[in-house]
>>> print(open('entry_15.cif').read())   # mmCIF, C-alpha atoms
data_structure
loop_
_atom_site.group_PDB
_atom_site.id
_atom_site.type_symbol
_atom_site.label_atom_id
_atom_site.label_comp_id
_atom_site.auth_asym_id
_atom_site.auth_seq_id
_atom_site.Cartn_x
_atom_site.Cartn_y
_atom_site.Cartn_z
ATOM 1 C CA MET R 16 0.000 0.000 0.000
ATOM 2 C CA PRO R 17 1.436 3.436 -0.918
ATOM 3 C CA ASP R 18 2.089 6.170 1.562
ATOM 4 C CA PRO R 19 -1.322 7.797 2.256
ATOM 5 C CA THR R 20 0.380 11.217 2.445
ATOM 6 C CA ASP R 21 1.354 10.900 -1.228
ATOM 7 C CA PRO R 22 -0.937 13.304 -3.135
ATOM 8 C CA ALA R 23 -0.918 10.979 -6.154
ATOM 9 C CA PHE R 24 -2.793 8.123 -4.453
ATOM 10 C CA PRO R 25 -3.286 5.695 -7.391
ATOM 11 C CA ILE R 26 -6.852 4.991 -8.481
ATOM 12 C CA GLU R 27 -6.200 1.255 -8.633
ATOM 13 C CA HIS R 28 -5.418 1.277 -4.910
ATOM 14 C CA VAL R 29 -8.824 2.820 -4.209
ATOM 15 C CA ARG R 30 -10.356 -0.277 -5.772
ATOM 16 C CA ALA R 31 -8.086 -2.510 -3.685
ATOM 17 C CA VAL R 32 -9.031 -0.722 -0.456
ATOM 18 C CA GLY R 33 -12.712 -0.925 -1.377
ATOM 19 C CA ASP R 34 -12.556 -4.644 -2.120
ATOM 20 C CA ASP R 35 -10.807 -5.286 1.205
ATOM 21 C CA VAL R 36 -13.408 -3.323 3.185
ATOM 22 C CA VAL R 37 -16.338 -5.023 1.407
ATOM 23 C CA ALA R 38 -14.801 -8.447 2.016
ATOM 24 C CA ALA R 39 -14.272 -7.691 5.715
ATOM 25 C CA VAL R 40 -17.781 -6.328 6.312
ATOM 26 C CA SER R 41 -19.247 -9.292 4.386
ATOM 27 C CA THR R 42 -17.938 -11.588 7.110
ATOM 28 C CA VAL R 43 -20.311 -9.825 9.496
ATOM 29 C CA VAL R 44 -23.275 -8.942 7.241
ATOM 30 C CA ASP R 45 -24.174 -12.124 5.373
ATOM 31 C CA GLY R 46 -25.331 -11.966 1.758
ATOM 32 C CA LYS R 47 -25.594 -8.167 1.451
ATOM 33 C CA VAL R 48 -22.671 -7.214 -0.801
ATOM 34 C CA ASP R 49 -24.684 -4.588 -2.719
ATOM 35 C CA ALA R 50 -25.752 -2.824 0.487
ATOM 36 C CA ILE R 51 -22.182 -2.897 1.818
ATOM 37 C CA ARG R 52 -20.753 -1.507 -1.408
ATOM 38 C CA THR R 53 -23.343 1.275 -1.483
ATOM 39 C CA ALA R 54 -22.522 2.203 2.125
ATOM 40 C CA LEU R 55 -18.824 2.353 1.279
ATOM 41 C CA THR R 56 -19.571 4.440 -1.817
ATOM 42 C CA VAL R 57 -21.392 6.988 0.343
ATOM 43 C CA MET R 58 -18.509 7.088 2.821
ATOM 44 C CA LEU R 59 -15.919 7.776 0.114
ATOM 45 C CA ALA R 60 -18.218 10.394 -1.417
ATOM 46 C CA GLU R 61 -18.298 12.221 1.957
ATOM 47 C CA GLY R 62 -22.021 11.693 2.341
ATOM 48 C CA HIS R 63 -24.431 10.298 4.917
ATOM 49 C CA LEU R 64 -26.445 7.099 4.662
ATOM 50 C CA LEU R 65 -30.006 6.282 5.699
ATOM 51 C CA VAL R 66 -30.706 2.568 6.191
ATOM 52 C CA GLU R 67 -34.426 1.942 6.321
ATOM 53 C CA ASP R 68 -36.089 -1.428 6.878
ATOM 54 C CA VAL R 69 -38.052 -3.567 9.306
ATOM 55 C CA PRO R 70 -36.452 -4.598 12.620
ATOM 56 C CA GLY R 71 -33.927 -7.406 12.799
ATOM 57 C CA VAL R 72 -32.502 -7.430 9.262
ATOM 58 C CA GLY R 73 -29.034 -6.101 10.110
ATOM 59 C CA LYS R 74 -29.280 -2.311 9.778
ATOM 60 C CA THR R 75 -27.288 -1.573 12.916
ATOM 61 C CA VAL R 76 -24.867 -4.426 12.289
ATOM 62 C CA LEU R 77 -24.024 -2.976 8.870
ATOM 63 C CA ALA R 78 -23.377 0.445 10.394
ATOM 64 C CA LYS R 79 -21.230 -1.008 13.194
ATOM 65 C CA ALA R 80 -19.240 -3.193 10.793
ATOM 66 C CA LEU R 81 -18.575 -0.303 8.432
ATOM 67 C CA GLY R 82 -17.407 1.823 11.341
ATOM 68 C CA ALA R 83 -15.209 -0.971 12.703
ATOM 69 C CA SER R 84 -13.517 -1.378 9.311
ATOM 70 C CA VAL R 85 -12.239 2.196 9.553
ATOM 71 C CA GLY R 86 -9.542 2.904 12.124
ATOM 72 C CA GLY R 87 -11.087 6.159 13.268
ATOM 73 C CA SER R 88 -13.457 6.971 16.113
ATOM 74 C CA VAL R 89 -16.940 5.444 16.091
ATOM 75 C CA ASN R 90 -19.859 6.533 18.293
ATOM 76 C CA ARG R 91 -23.363 5.141 18.491
ATOM 77 C CA ILE R 92 -26.491 7.067 19.431
ATOM 78 C CA GLN R 93 -29.566 5.064 20.429
ATOM 79 C CA PHE R 94 -32.366 7.503 19.691
ATOM 80 C CA THR R 95 -35.345 7.495 22.047
ATOM 81 C CA SER R 96 -38.392 9.693 22.457
ATOM 82 C CA ASP R 97 -37.041 11.475 25.559
ATOM 83 C CA MET R 98 -33.683 12.565 24.097
ATOM 84 C CA LEU R 99 -32.696 16.227 23.900
ATOM 85 C CA PRO R 100 -30.581 17.952 21.202
ATOM 86 C CA SER R 101 -27.757 18.360 23.735
ATOM 87 C CA ASP R 102 -27.617 14.571 24.067
ATOM 88 C CA VAL R 103 -26.387 14.565 20.467
ATOM 89 C CA THR R 104 -24.301 17.713 20.100
ATOM 90 C CA GLY R 105 -22.918 18.153 23.619
ATOM 91 C CA VAL R 106 -23.404 20.664 26.415
ATOM 92 C CA ASN R 107 -21.509 23.293 28.416
ATOM 93 C CA ILE R 108 -21.002 22.156 32.025
ATOM 94 C CA TYR R 109 -20.112 24.505 34.856
ATOM 95 C CA ASP R 110 -16.783 23.613 36.446
ATOM 96 C CA GLN R 111 -16.871 24.737 40.072
ATOM 97 C CA SER R 112 -13.119 24.381 40.576
ATOM 98 C CA SER R 113 -12.292 26.899 37.824
ATOM 99 C CA GLY R 114 -15.503 28.902 37.873
ATOM 100 C CA THR R 115 -15.907 28.501 34.112
ATOM 101 C CA PHE R 116 -18.003 26.474 31.728
ATOM 102 C CA ARG R 117 -16.417 23.449 30.067
ATOM 103 C CA PHE R 118 -17.751 21.935 26.853
ATOM 104 C CA SER R 119 -18.558 18.247 27.025
ATOM 105 C CA PRO R 120 -18.773 17.000 23.431
ATOM 106 C CA GLY R 121 -21.672 14.799 22.416
ATOM 107 C CA PRO R 122 -21.465 11.530 20.472
ATOM 108 C CA VAL R 123 -21.672 13.384 17.151
ATOM 109 C CA PHE R 124 -17.951 14.166 17.541
ATOM 110 C CA ALA R 125 -16.569 11.072 15.788
ATOM 111 C CA ASN R 126 -15.498 9.902 12.340
ATOM 112 C CA VAL R 127 -18.438 7.530 12.013
ATOM 113 C CA VAL R 128 -21.645 8.218 13.938
ATOM 114 C CA ILE R 129 -24.267 5.484 14.075
ATOM 115 C CA GLY R 130 -27.702 6.977 14.654
ATOM 116 C CA ASP R 131 -29.805 3.974 15.601
ATOM 117 C CA GLU R 132 -33.564 4.274 15.027
ATOM 118 C CA ILE R 133 -33.410 7.966 14.267
ATOM 119 C CA ASN R 134 -37.172 8.145 13.779
ATOM 120 C CA ARG R 135 -37.753 7.081 17.407
ATOM 121 C CA THR R 136 -36.776 10.545 18.635
ATOM 122 C CA SER R 137 -38.624 13.835 18.374
ATOM 123 C CA PRO R 138 -38.237 16.232 15.412
ATOM 124 C CA LYS R 139 -36.511 18.692 17.759
ATOM 125 C CA THR R 140 -33.730 16.194 18.492
ATOM 126 C CA GLN R 141 -33.599 15.012 14.872
ATOM 127 C CA SER R 142 -32.916 18.612 13.844
ATOM 128 C CA ALA R 143 -29.797 18.660 16.044
ATOM 129 C CA LEU R 144 -28.058 16.761 13.255
ATOM 130 C CA LEU R 145 -28.908 19.214 10.467
ATOM 131 C CA GLU R 146 -25.892 21.503 10.889
ATOM 132 C CA ALA R 147 -23.542 18.558 11.388
ATOM 133 C CA MET R 148 -24.760 16.820 8.234
ATOM 134 C CA ALA R 149 -24.684 19.905 6.023
ATOM 135 C CA GLU R 150 -21.563 21.699 7.271
ATOM 136 C CA SER R 151 -19.592 19.165 9.375
ATOM 137 C CA GLN R 152 -19.777 21.465 12.382
ATOM 138 C CA VAL R 153 -21.771 21.937 15.572
ATOM 139 C CA THR R 154 -22.769 25.222 17.211
ATOM 140 C CA VAL R 155 -23.526 25.182 20.949
ATOM 141 C CA ASP R 156 -24.229 28.405 22.885
ATOM 142 C CA GLY R 157 -22.914 30.494 19.997
ATOM 143 C CA VAL R 158 -19.595 28.657 19.666
ATOM 144 C CA THR R 159 -18.992 26.679 16.458
ATOM 145 C CA ARG R 160 -16.802 23.576 16.580
ATOM 146 C CA GLN R 161 -15.619 21.612 13.564
ATOM 147 C CA LEU R 162 -16.287 17.890 13.446
ATOM 148 C CA GLU R 163 -13.639 15.303 12.695
ATOM 149 C CA SER R 164 -12.635 14.484 9.134
ATOM 150 C CA PRO R 165 -13.765 12.221 7.610
ATOM 151 C CA PHE R 166 -17.252 12.473 9.100
ATOM 152 C CA MET R 167 -20.189 10.229 8.238
ATOM 153 C CA ILE R 168 -23.583 9.575 9.798
ATOM 154 C CA VAL R 169 -25.143 6.170 9.232
ATOM 155 C CA ALA R 170 -28.712 6.462 10.459
ATOM 156 C CA THR R 171 -31.114 3.553 10.719
ATOM 157 C CA GLN R 172 -34.850 3.740 10.942
ATOM 158 C CA ASN R 173 -37.879 1.514 10.883
ATOM 159 C CA PRO R 174 -40.708 2.229 8.445
ATOM 160 C CA ILE R 175 -42.606 5.352 9.466
ATOM 161 C CA ASP R 176 -45.942 3.548 9.781
ATOM 162 C CA MET R 177 -44.693 1.610 12.841
ATOM 163 C CA GLU R 178 -45.864 2.598 16.302
ATOM 164 C CA GLY R 179 -43.908 5.276 18.150
ATOM 165 C CA THR R 180 -42.026 6.822 15.238
ATOM 166 C CA TYR R 181 -41.601 10.370 13.921
ATOM 167 C CA PRO R 182 -41.108 10.641 10.144
ATOM 168 C CA LEU R 183 -38.004 12.561 9.150
ATOM 169 C CA PRO R 184 -38.816 15.974 7.640
ATOM 170 C CA GLU R 185 -38.036 16.396 3.948
ATOM 171 C CA ALA R 186 -35.226 18.871 4.706
ATOM 172 C CA GLN R 187 -33.413 16.238 6.743
ATOM 173 C CA ARG R 188 -34.023 13.381 4.301
ATOM 174 C CA ASP R 189 -32.453 15.587 1.636
ATOM 175 C CA ARG R 190 -29.214 15.722 3.628
ATOM 176 C CA PHE R 191 -28.747 11.977 3.341
ATOM 177 C CA MET R 192 -26.803 11.171 0.195
ATOM 178 C CA ALA R 193 -28.442 7.788 -0.212
ATOM 179 C CA ARG R 194 -31.035 5.500 1.301
ATOM 180 C CA ILE R 195 -30.893 1.728 1.173
ATOM 181 C CA ALA R 196 -33.045 -1.129 2.433
ATOM 182 C CA MET R 197 -31.434 -4.300 3.734
ATOM 183 C CA GLY R 198 -34.138 -6.808 2.904
ATOM 184 C CA TYR R 199 -34.279 -10.337 4.274
ATOM 185 C CA PRO R 200 -31.243 -12.575 3.713
ATOM 186 C CA SER R 201 -31.336 -15.497 1.306
ATOM 187 C CA ALA R 202 -31.975 -18.980 2.695
ATOM 188 C CA ASP R 203 -28.289 -19.876 2.300
ATOM 189 C CA ALA R 204 -27.156 -16.705 4.093
ATOM 190 C CA GLU R 205 -29.613 -17.320 6.903
ATOM 191 C CA ARG R 206 -28.352 -20.899 7.343
ATOM 192 C CA ASP R 207 -24.761 -19.617 7.451
ATOM 193 C CA MET R 208 -25.820 -17.156 10.120
ATOM 194 C CA LEU R 209 -27.253 -19.973 12.243
ATOM 195 C CA ALA R 210 -24.113 -22.061 11.776
ATOM 196 C CA HIS R 211 -21.605 -19.354 12.731
ATOM 197 C CA ARG R 212 -23.281 -16.848 15.034
ATOM 198 C CA GLY R 213 -23.862 -19.379 17.801
ATOM 199 C CA VAL R 214 -20.111 -19.856 18.250
ATOM 200 C CA ARG R 215 -18.904 -16.245 18.213
ATOM 201 C CA ASP R 216 -19.895 -12.734 17.237
ATOM 202 C CA PRO R 217 -17.989 -11.943 14.012
ATOM 203 C CA LEU R 218 -18.249 -8.215 14.721
ATOM 204 C CA SER R 219 -16.024 -8.600 17.782
ATOM 205 C CA SER R 220 -13.172 -9.956 15.663
ATOM 206 C CA LEU R 221 -13.459 -7.392 12.850
ATOM 207 C CA ARG R 222 -10.308 -5.286 12.653
ATOM 208 C CA PRO R 223 -9.770 -1.950 10.844
ATOM 209 C CA ILE R 224 -8.923 -2.328 7.160
ATOM 210 C CA VAL R 225 -7.837 1.297 6.665
ATOM 211 C CA ASP R 226 -6.669 4.010 9.026
ATOM 212 C CA VAL R 227 -7.944 7.562 8.958
ATOM 213 C CA GLY R 228 -4.920 8.831 6.994
ATOM 214 C CA THR R 229 -5.459 6.275 4.240
ATOM 215 C CA LEU R 230 -9.169 7.015 4.158
ATOM 216 C CA ARG R 231 -8.499 10.741 3.754
ATOM 217 C CA ALA R 232 -6.106 9.959 0.875
ATOM 218 C CA VAL R 233 -8.734 7.777 -0.798
ATOM 219 C CA VAL R 234 -11.369 10.496 -0.407
ATOM 220 C CA HIS R 235 -8.927 13.016 -1.916
ATOM 221 C CA THR R 236 -8.495 10.732 -4.933
ATOM 222 C CA VAL R 237 -12.263 10.298 -5.298
ATOM 223 C CA ARG R 238 -12.732 14.075 -5.463
ATOM 224 C CA ALA R 239 -10.430 14.186 -8.507
ATOM 225 C CA VAL R 240 -12.368 11.594 -10.537
ATOM 226 C CA HIS R 241 -13.305 13.172 -13.879
ATOM 227 C CA VAL R 242 -16.921 13.921 -14.798
ATOM 228 C CA ALA R 243 -17.221 14.814 -18.484
ATOM 229 C CA PRO R 244 -19.525 17.691 -19.483
ATOM 230 C CA ASP R 245 -21.883 15.269 -21.257
ATOM 231 C CA VAL R 246 -22.140 13.159 -18.101
ATOM 232 C CA GLU R 247 -22.784 16.283 -16.028
ATOM 233 C CA ALA R 248 -25.596 17.148 -18.430
ATOM 234 C CA TYR R 249 -26.935 13.605 -18.013
ATOM 235 C CA ILE R 250 -27.010 14.005 -14.220
ATOM 236 C CA VAL R 251 -28.769 17.364 -14.482
ATOM 237 C CA ALA R 252 -31.323 15.974 -16.954
ATOM 238 C CA ILE R 253 -32.248 13.103 -14.646
ATOM 239 C CA VAL R 254 -32.625 15.338 -11.581
ATOM 240 C CA ARG R 255 -34.588 18.022 -13.423
ATOM 241 C CA ALA R 256 -36.966 15.400 -14.813
ATOM 242 C CA THR R 257 -38.085 14.617 -11.252
ATOM 243 C CA ARG R 258 -39.233 18.215 -10.810
ATOM 244 C CA SER R 259 -41.723 18.094 -13.680
ATOM 245 C CA HIS R 260 -42.914 14.501 -13.394
ATOM 246 C CA PRO R 261 -46.722 14.285 -13.125
ATOM 247 C CA ASP R 262 -46.589 11.578 -10.439
ATOM 248 C CA LEU R 263 -44.418 13.633 -8.090
ATOM 249 C CA VAL R 264 -45.478 16.433 -5.757
ATOM 250 C CA LEU R 265 -41.862 17.307 -4.941
ATOM 251 C CA GLY R 266 -38.802 16.609 -7.080
ATOM 252 C CA ALA R 267 -35.109 16.369 -6.208
ATOM 253 C CA SER R 268 -33.168 19.405 -5.003
ATOM 254 C CA PRO R 269 -29.931 20.924 -6.371
ATOM 255 C CA ARG R 270 -28.229 19.217 -3.407
ATOM 256 C CA ALA R 271 -29.368 15.929 -4.940
ATOM 257 C CA THR R 272 -27.563 16.876 -8.166
ATOM 258 C CA LEU R 273 -24.323 17.399 -6.242
ATOM 259 C CA HIS R 274 -24.799 14.192 -4.263
ATOM 260 C CA LEU R 275 -25.431 12.130 -7.392
ATOM 261 C CA ALA R 276 -22.222 13.444 -8.984
ATOM 262 C CA GLN R 277 -20.192 12.830 -5.797
ATOM 263 C CA ALA R 278 -21.549 9.306 -5.414
ATOM 264 C CA ALA R 279 -20.859 8.550 -9.078
ATOM 265 C CA ARG R 280 -17.223 9.629 -8.594
ATOM 266 C CA ALA R 281 -16.863 7.238 -5.657
ATOM 267 C CA HIS R 282 -18.553 4.426 -7.587
ATOM 268 C CA ALA R 283 -16.147 4.921 -10.485
ATOM 269 C CA ALA R 284 -13.108 5.011 -8.178
ATOM 270 C CA LEU R 285 -14.171 1.764 -6.497
ATOM 271 C CA ALA R 286 -14.289 0.221 -9.961
ATOM 272 C CA GLY R 287 -10.716 1.433 -10.602
ATOM 273 C CA ARG R 288 -11.691 4.121 -13.112
ATOM 274 C CA PRO R 289 -10.531 7.765 -13.010
ATOM 275 C CA PHE R 290 -13.687 8.919 -14.801
ATOM 276 C CA VAL R 291 -17.468 8.605 -14.349
ATOM 277 C CA THR R 292 -19.581 6.760 -16.897
ATOM 278 C CA PRO R 293 -23.331 7.111 -17.482
ATOM 279 C CA ASP R 294 -23.702 3.615 -16.013
ATOM 280 C CA ASP R 295 -22.309 4.870 -12.682
ATOM 281 C CA VAL R 296 -24.998 7.540 -12.653
ATOM 282 C CA ALA R 297 -27.803 5.194 -13.702
ATOM 283 C CA ARG R 298 -26.941 2.610 -11.051
ATOM 284 C CA LEU R 299 -26.890 5.146 -8.233
ATOM 285 C CA ALA R 300 -29.819 7.371 -9.223
ATOM 286 C CA PRO R 301 -32.526 5.302 -7.441
ATOM 287 C CA VAL R 302 -30.689 5.141 -4.074
ATOM 288 C CA VAL R 303 -29.605 8.792 -4.244
ATOM 289 C CA LEU R 304 -32.855 10.350 -5.455
ATOM 290 C CA ALA R 305 -35.854 8.238 -4.407
ATOM 291 C CA HIS R 306 -35.910 9.139 -0.694
ATOM 292 C CA ARG R 307 -36.024 12.868 -1.518
ATOM 293 C CA LEU R 308 -39.117 12.640 -3.701
ATOM 294 C CA VAL R 309 -42.732 13.056 -2.638
ATOM 295 C CA PRO R 310 -44.981 11.003 -4.900
ATOM 296 C CA VAL R 311 -48.646 11.767 -5.318
ATOM 297 C CA ALA R 312 -49.324 8.451 -3.530
ATOM 298 C CA ARG R 313 -47.621 9.755 -0.376
ATOM 299 C CA GLY R 314 -49.506 13.006 -0.600
ATOM 300 C CA LEU R 315 -52.742 10.990 -0.588
ATOM 301 C CA GLY R 316 -51.727 9.112 2.538
ATOM 302 C CA GLY R 317 -49.699 6.192 1.161
ATOM 303 C CA SER R 318 -45.993 5.590 1.753
ATOM 304 C CA GLY R 319 -45.016 6.143 -1.872
ATOM 305 C CA ASP R 320 -41.483 4.805 -1.339
ATOM 306 C CA ASP R 321 -41.709 1.997 -3.885
ATOM 307 C CA THR R 322 -43.417 4.362 -6.297
ATOM 308 C CA ALA R 323 -40.617 6.932 -5.977
ATOM 309 C CA ARG R 324 -37.957 4.363 -6.807
ATOM 310 C CA GLU R 325 -39.951 3.085 -9.776
ATOM 311 C CA ILE R 326 -40.353 6.648 -11.066
ATOM 312 C CA VAL R 327 -36.588 7.253 -10.860
ATOM 313 C CA VAL R 328 -35.922 4.005 -12.738
ATOM 314 C CA ARG R 329 -38.330 5.091 -15.483
ATOM 315 C CA ILE R 330 -36.776 8.545 -15.669
ATOM 316 C CA VAL R 331 -33.315 7.036 -16.053
ATOM 317 C CA SER R 332 -34.509 4.708 -18.816
ATOM 318 C CA ASP R 333 -36.168 7.613 -20.649
ATOM 319 C CA THR R 334 -33.163 9.962 -20.450
ATOM 320 C CA ALA R 335 -30.796 10.018 -23.421
ATOM 321 C CA VAL R 336 -27.438 8.463 -22.546
ATOM 322 C CA PRO R 337 -24.290 10.400 -23.546
ATOM 323 C CA PHE R 338 -21.405 8.597 -25.220
ATOM 324 C CA THR R 339 -18.508 10.704 -23.890
ATOM 325 C CA ALA R 340 -17.207 9.826 -20.434
ATOM 326 C CA ALA R 341 -13.430 9.426 -20.395
ATOM 327 C CA PRO R 342 -11.290 12.599 -20.335
ATOM 328 C CA VAL R 343 -9.880 13.621 -23.695
ATOM 329 C CA HIS R 344 -6.154 14.408 -23.669
ATOM 330 C CA SER R 345 -4.753 16.541 -26.470
#
>>> encode(input="entry_15.cif", output="structure tokens")
Amino acid sequence: MPDPTDPAFPIEHVRAVGDDVVAAVSTVVDGKVDAIRTALTVMLAEGHLLVEDVPGVGKTVLAKALGASVGGSVNRIQFTSDMLPSDVTGVNIYDQSSGTFRFSPGPVFANVVIGDEINRTSPKTQSALLEAMAESQVTVDGVTRQLESPFMIVATQNPIDMEGTYPLPEAQRDRFMARIAMGYPSADAERDMLAHRGVRDPLSSLRPIVDVGTLRAVVHTVRAVHVAPDVEAYIVAIVRATRSHPDLVLGASPRATLHLAQAARAHAALAGRPFVTPDDVARLAPVVLAHRLVPVARGLGGSGDDTAREIVVRIVSDTAVPFTAAPVHS
């Protein structure tokens, strides 16, 4: 592995790091390679991930395993209905010995923050994460503190129609780069789980695959992945089509355009390519865009989540695909 301080971190080593992380996390999360790869893509794209599914399918395990594969700091927040914003961001405590206030940082001060069951807490506490997610900083009592780099929130939630949940507001859903669902494991994966989990917990033996310095170098390389003008136009066309679609009340935001481009760069880098192709964009569009959309079905009282994903898939299939992707050198 090259020196992570080398500014010319080779693109092929990004793929090698990615394959190693996916292989390690796969020893903990059985049969979910696509979900693991998407989570890693979001991490390298400097985004945040929302994992939404029914209880017991491995949402928290995925988040813990991803955090354990990175040699940085990892904190977990178990959201409950009685939590306060200061339980997330931190609070100033009066120190009697010095007669001054001392800041006690909250669990959001970490490289990877696992927000477990984020929709179990009140909207007031949910909003405590808005500044951190958008600007990688936290302001408490007028003092702004920068969060660690890299910084990623992996939030899990159960479907919003379950008892005792508060649906995330659209402004906060828009700050998540992608949303994935775990789904139930295959029969083979479930049998493997029964065979191995009774002996030991594989999460306890998972060791970091990359340190923070290497991860920063990989992220730096991802930022430099080339997006051709035609591919940029393709991204814009897909996002803008959501804003005029007759089956949608609310389309994707300009932030979604940026997130789709960032995620496509990371997807290309993990494939060992220094440039984004239209296929990178098409593959990621449903997980990056669907959770931001408000279908007519949701406006009428339905969930609309499946409908939103189907609409994005149709939009992608109806959008003209450009042929230029690789950089042209004169």
>>> closest_residue(input="entry_15.cif", among="R:Phe116, R:Tyr199, R:Thr104, R:Val69", to="Thr159 of chain R", atoms="all atoms listed in the file")
R:Thr104
>>> resolve_selection(input="entry_15.cif", expression="the PyMOL selection byres ((chain R and resi 238) around 12)", output="number ranges by chain")
R: 24, 26, 29, 59-61, 231-237, 239-242, 276-284, 289-291
>>> resolve_selection(input="entry_15.cif", expression="the PyMOL selection byres ((chain R and resi 138) around 10)", output="list in words")
Ser96, Pro100, Ile133, Asn134, Arg135, Thr136, Ser137, Lys139, Thr140, Gln141, Ser142, Ala143, Tyr181, Pro182, Leu183, Pro184 and Gln187 of chain R
>>> atom_distance(input="entry_15.cif", atom1="atom CA of Pro310 of chain R", atom2="atom CA of Ser259 of chain R")
11.7 Å
>>> atom_distance(input="entry_15.cif", atom1="atom CA of Asp68 of chain R", atom2="atom CA of Lys47 of chain R")
13.6 Å
>>> residues_around(input="entry_15.cif", residues="Val309 of chain R", least_positions_apart="6", cutoff="8 Å", atoms="only C-alpha atoms", output="list in words")
Leu263, Val264, Leu265, Gly266, Gly319 and Ala323 of chain R
>>> resolve_selection(input="entry_15.cif", expression="the PyMOL selection byres ((chain R and resi 32) around 10)", output="mmCIF file with C-alpha atoms, in the coordinates of the input")
data_model
loop_
_atom_site.group_PDB
_atom_site.id
_atom_site.type_symbol
_atom_site.label_atom_id
_atom_site.label_comp_id
_atom_site.auth_asym_id
_atom_site.auth_seq_id
_atom_site.Cartn_x
_atom_site.Cartn_y
_atom_site.Cartn_z
ATOM 1 C CA MET R 16 0.000 0.000 0.000
ATOM 2 C CA GLU R 27 -6.200 1.255 -8.633
ATOM 3 C CA HIS R 28 -5.418 1.277 -4.910
ATOM 4 C CA VAL R 29 -8.824 2.820 -4.209
ATOM 5 C CA ARG R 30 -10.356 -0.277 -5.772
ATOM 6 C CA ALA R 31 -8.086 -2.510 -3.685
ATOM 7 C CA GLY R 33 -12.712 -0.925 -1.377
ATOM 8 C CA ASP R 34 -12.556 -4.644 -2.120
ATOM 9 C CA ASP R 35 -10.807 -5.286 1.205
ATOM 10 C CA VAL R 36 -13.408 -3.323 3.185
ATOM 11 C CA VAL R 37 -16.338 -5.023 1.407
ATOM 12 C CA ALA R 38 -14.801 -8.447 2.016
ATOM 13 C CA ILE R 224 -8.923 -2.328 7.160
ATOM 14 C CA VAL R 225 -7.837 1.297 6.665
ATOM 15 C CA THR R 229 -5.459 6.275 4.240
ATOM 16 C CA LEU R 230 -9.169 7.015 4.158
ATOM 17 C CA VAL R 233 -8.734 7.777 -0.798
ATOM 18 C CA LEU R 285 -14.171 1.764 -6.497
#
>>> atom_distance(input="entry_15.cif", atom1="atom CA of Asp294 of chain R", atom2="atom CA of Thr171 of chain R")
27.7 Å
>>> closest_residue(input="entry_15.cif", among="R:Ala248, R:Val153, R:Ala305, R:Val43", to="Pro337 of chain R", atoms="all atoms listed in the file")
R:Ala248
>>> axis_aligned_box(input="entry_15.cif", around="segment 188-196 of chain R", padding_each_side="4 Å", output="lines of an AutoDock Vina configuration file")
center_x = -30.4
center_y = 7.3
center_z = 2.0
size_x = 15.2
size_y = 24.9
size_z = 12.5
>>> closest_residue(input="entry_15.cif", among="R:Ala39, R:Ala193, R:Val128, R:Val328", to="Val103 of chain R", atoms="only C-alpha atoms")
R:Val128
>>> closest_residue(input="entry_15.cif", among="R:Leu145, R:Ala210, R:Ala54, R:Val227", to="Val89 of chain R", atoms="all atoms listed in the file")
R:Val227
>>> closest_residue(input="entry_15.cif", among="R:Asp207, R:Thr334, R:Asp189, R:Val311", to="Thr272 of chain R", atoms="all atoms listed in the file")
R:Asp189
>>> closest_residue(input="entry_15.cif", among="R:Val72, R:Val254, R:Ile326, R:Ala243", to="Gly198 of chain R", atoms="all atoms listed in the file")
R:Val72
>>> residues_around(input="entry_15.cif", residues="Leu218 of chain R", least_positions_apart="5", cutoff="12 Å", atoms="all atoms listed in the file", output="VMD selection string")
chain R and resid 39 to 45 73 75 to 84 211 to 212 223
>>> residues_around(input="entry_15.cif", residues="segment 108-112 of chain R", least_positions_apart="6", cutoff="12 Å", atoms="all atoms listed in the file", output="ChimeraX atom specification")
/R:101,118-120,155-156
>>> residues_around(input="entry_15.cif", residues="Glu67 of chain R", least_positions_apart="4", cutoff="9 Å", atoms="all atoms listed in the file", output="JSON, numbers by chain")
{"R": [74, 170, 171, 172, 173, 174, 194, 195, 196, 197]}
